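Here the structure comes first, spelled out in structure tokens, and everything after it is commentary.
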Amino acid sequence: MSAARLVVSRHVTSDGVSVLKLAGEIDFNTAVGFREALADRDGALGHRTVVDFREVTFMDSSGINVLVAANRAAGEGGGWVRLSSLPAAVHDVLRIVGLDEVLCLYPTLDHALEISPPPS
């Protein structure tokens, strides 16, 4: 049995927004790497971050916990975390636990990168 794998690429836009592109599974085995990828150089979670879920095939409660912590930390620091391009299975998980009403979800990466503040 092979361990679940998550590949994360990160870049920063010209206006300082961190963009994480994920591919694979977010679960107990990969959540630490996901959390570390969300952290900035000082270790703070997601000041202004867009997470592109386009290639995520699975997410369990471990990923939910990481997202909740990042969203809370970003909000407390005056920033935000936006999620884009969620596959139906991931969107369903967020909907079931009510986080689709708490987290900022966008249909595409381009929409999430727009300058306007996230919806309230």
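The chains in the structure tokens are called A, B, ... from first to last as shown; in each chain the residues are counted from 1, and the ligands are counted from 1 in the order shown.
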Item to check | Spatial neighbours of A:Ala23, max dist 12 Å, only C-alpha atoms, sep filter under 6 positions, as number ranges by chain | outcome: A: 4-10, 30, 34, 51-59, 85-87
Item to check | DSSP strand (DSSP E) residues within chain A, listed as a VMD selection string | outcome: chain A and resid 6 to 12 18 to 26 48 to 59 80 to 84 104 to 106
Next on the checklist: Ranking A:Ala88, A:Leu67, A:Val93, A:Leu109 by minimum distance to A:Lys21 and counting only C-alpha atoms, which one comes first?
Outcome noted: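 Result for the nearest residue to A:Lys21: A:Leu109.
Summary of the local environment: counting only C-alpha atoms, residues at most 9 Å from stretch 72-75 of chain A, other than itself and those fewer than 2 positions away along its chain, are A:Ala44, A:Leu45, A:Gly46, A:His47, A:Arg48, A:Thr49, A:Leu67, A:Val68, A:Ala69, A:Ala70, A:Gly77, A:Gly78, A:Gly79, A:Trp80, A:Val81.
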Item to check | Best match for closeness to A:Ile64 among A:Asp100, A:Asp15, A:Glu76, A:Asp40, counting only C-alpha atoms | outcome: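 The shortest atom-to-atom distance to A:Ile64 comes from A:Asp100.
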Checklist entry - Which residue out of A:Ala112, A:Val66, A:Ala89, A:Val102 has the minimum interatomic distance to A:Asp27 when only C-alpha atoms are used? => result A:Val66
Next on the checklist: I'd like to know which of A:Leu22, A:Arg82, A:Asp110, A:Ser61 is closest to A:Leu94, using only C-alpha atoms.
Outcome noted: A:Ser61
Checklist entry - atom CA of A:Ile26 to atom CA of A:Val90: how many Å, to one decimal? => result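 According to the coordinates, atom CA of A:Ile26 and atom CA of A:Val90 are separated by 9.9 Å.
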